[in-house]
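K.L.:
Below is one structure. I have some questions about it.
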Amino acid sequence: MMGVDVILGLQWGDEGKGKIVDLLSSQYDIIARFQGGPNAGHTIIIGDKKFVLHQIPSGITRSGVMNVIGNAVVLDPTILLKEITALEAEGIEVRSRLLVSRKSNLILPGHRLIDAWQEESNANGGVGSTKKGIGPTYQDKTGRFGLRIGDLHAANFDQLYNKAKERHLRLLRAVGFADEIDDAAWLIAADEVRRTLTTVDSEIYINEALNAGKRILAEGAQGTLLDIDFGTYPFVTSSNTVTASACTGLGISPKKIGKVYGVFKAYSTRVGEGPFPTELLDETGEMIRKKGHEFGSTTGRPRRCGWLDMDALKYAIMLNGVDELFMMKIDVLSGMDSLSIGEAYNNNSFAGLSFNKDVTVNYTQMQGWQEEIRGTTDYNKLPDAAKTYISQIEKLAGLPISLISTGPEREEGIRK
């Protein structure tokens with residue numbers, strides 16, 4: 001029996017996972033999202049078409065591939081239907097190829113308001129939330145107050161929803177943030193999800209598919225360094241983003257995990273607050289931001305940019321049991337006279353960064369290259385300095401880089 005392969009980000013998200021999942025999806029029968037919510041922004045560029053997927057798995061652009069939203073994903077019906085409508089407008093068949101776990105928790109209108117209050121009032125420490133209601137939804141899930149996709153089909157759903165709404169209103173009124181919740185559009189979207197999408201016990205579906213010999217790729221959202229347990233807490237997301245989460249997010253045994261693919265950029269970025277030891281607060285960081293179009297696909301916020309952090313990358317590789325590395329955006333570094341790689345912290349490690357942020361970094365200086373390499377598909381045609389940069393990362397990581405992306409489009413890359 002085959003295992004479920006896993007693809008995930010090894011940095012603070014925004015690594016380019018959408019392109020890689022789209023690229024690999026032709027080799028799989030099923031793509032399954034296993035955690036996160038609409039704060040994800042997986043971008044796929046095919047010719048002159050650009051798709052940004054927030055909740056739908058990135059295999060949806062490949063005909064014949066089934067897509068599953070797993071039980072640990074939190075789902076906003078209004079955002080989901082906007083995604084579906086946008087894809088259908090481009091001629092992509094969605095509803096017959098999308099299955100949603102009955103156990104996926106619903107993001108309610110009250111969750112979005114609570115999220116906004118927590119962030120704006122600094123009640124959650126001002127962690128840079130996207131204000132999409134994701135954190136409060138996970139809070140209700142672990143508090144056992146949540147509503148799930150399967151509840152949409154319950155005869156007493158109206159009663160269940162109104163009870164949740166009143167509980168949210170009590171909190172919002174108590175803190176003086178809101179007196180009412182505008183939920184008309186949400187209720188219409190939730191009803192359409194109930195009527196037009198197929199819901200399943202995804203753990204049964206995935207395991208039966210495995211037993212039938214189907215090839216399955218589990219798609220993670222955000223990145224390892226934003227994991228609720230292992231990231232730079234509290235400046236993290238609200239879910240577990242590591243390989244182990246694929247087991248709880250899809251209902252599969254750890255014994256059924258196959259290969260693990262880790263995606264990282266040739267440099268580092270992060271959105272929002274939190275420690276970032278290799279951040280560049282100068283013209284070099286600004287150049288990377290502009291050339292790499294480093295603005296959030298979900299929020300539009302400018303991303304902080306810096307040199308590649310090997311201490312953090314090796315920590316992510318260890319946590320996830322990565323088998324192969326995929327490097328993104330090396331083309332952005334073209335035109336620089338010199339590059340740096342942050343090899344290690346002097347007085348700390350990434351594992352302790354949440355508790356001791358005062359770190360300095362040991363850097364290795366490397367020669368840059370002037371040649372533009374966007375669209376290169378032959379490794380031998382890369383400048384020698386680029387090949388040396390790649391080899392140094394492989395040496396430090398102790399893993400091969402088996403795919404090197406040289407541009408945003410589907411076919412712009414090198415298979416080693």
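Note on naming: chains are A, B, ... as they come in the structure tokens, residues start from 1 per chain, ligands start from 1 in the order shown.
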Set the distance at 9 Å and use only C-alpha atoms: which residues neighbour Thr360 of chain A once local chain neighbours fewer than 6 positions away are removed? I'd like the list as an NGL selection string.

P.N.:
:A and (277-278 or 344-348)

K.L.:
Based on the selection just made, write C-alpha atoms of those residues as a tab-separated table (two decimals), in the first residue's frame.

P.N.:
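The new file result12.tsv reads:
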chain	number	residue	atom	x	y	z
A	277	PRO	CA	17.06	37.06	13.16
A	278	THR	CA	18.27	37.42	9.54
A	344	ALA	CA	23.84	29.52	12.98
A	345	TYR	CA	22.97	31.72	15.93
A	346	ASN	CA	25.82	32.61	18.28
A	347	ASN	CA	24.04	32.37	21.60
A	348	ASN	CA	20.79	30.54	20.97

K.L.:
Going by DSSP on the backbone, which residues of segment 196-359 of chain A come out as strand (DSSP E)? List them as a PyMOL selection string.

P.N.:
chain A and resi 198-200+216-219+257-265+268-270+304-306+308-309+324-328+338-345

K.L.:
When you look at segment 75-80 of chain A with a cut-off of 7 Å (counting only C-alpha atoms), what residues show up, excluding the ones that are within fewer than 6 positions of it in the same chain? I need them as a list in words.

P.N.:
Gly37, Gln55, Ser104, Asn105, Leu106, Ile107, Trp186, Ala189, Ala190 and Val193 of chain A

K.L.:
Using only C-alpha atoms, which of A:Gly292, A:Glu324, A:Ala89, A:Lys314 sits nearest Lys265 of chain A?

P.N.:
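The answer is A:Gly292, which sits nearest to Lys265 of chain A.
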
K.L.:
Nearest residue to Pro400 of chain A out of A:Leu187, A:Cys305, A:Ile317, A:Ala221, using only C-alpha atoms?

P.N.:
A:Ile317

K.L.:
Please identify all polymer residues within 8 Å of Ser354 of chain A, counting only C-alpha atoms, omitting same-chain residues fewer than 2 positions from it, and present them as a list in words.

P.N.:
Gly231, Thr232, Tyr233, Pro234, Pro275, Ala351, Gly352, Asn356 and Lys357 of chain A
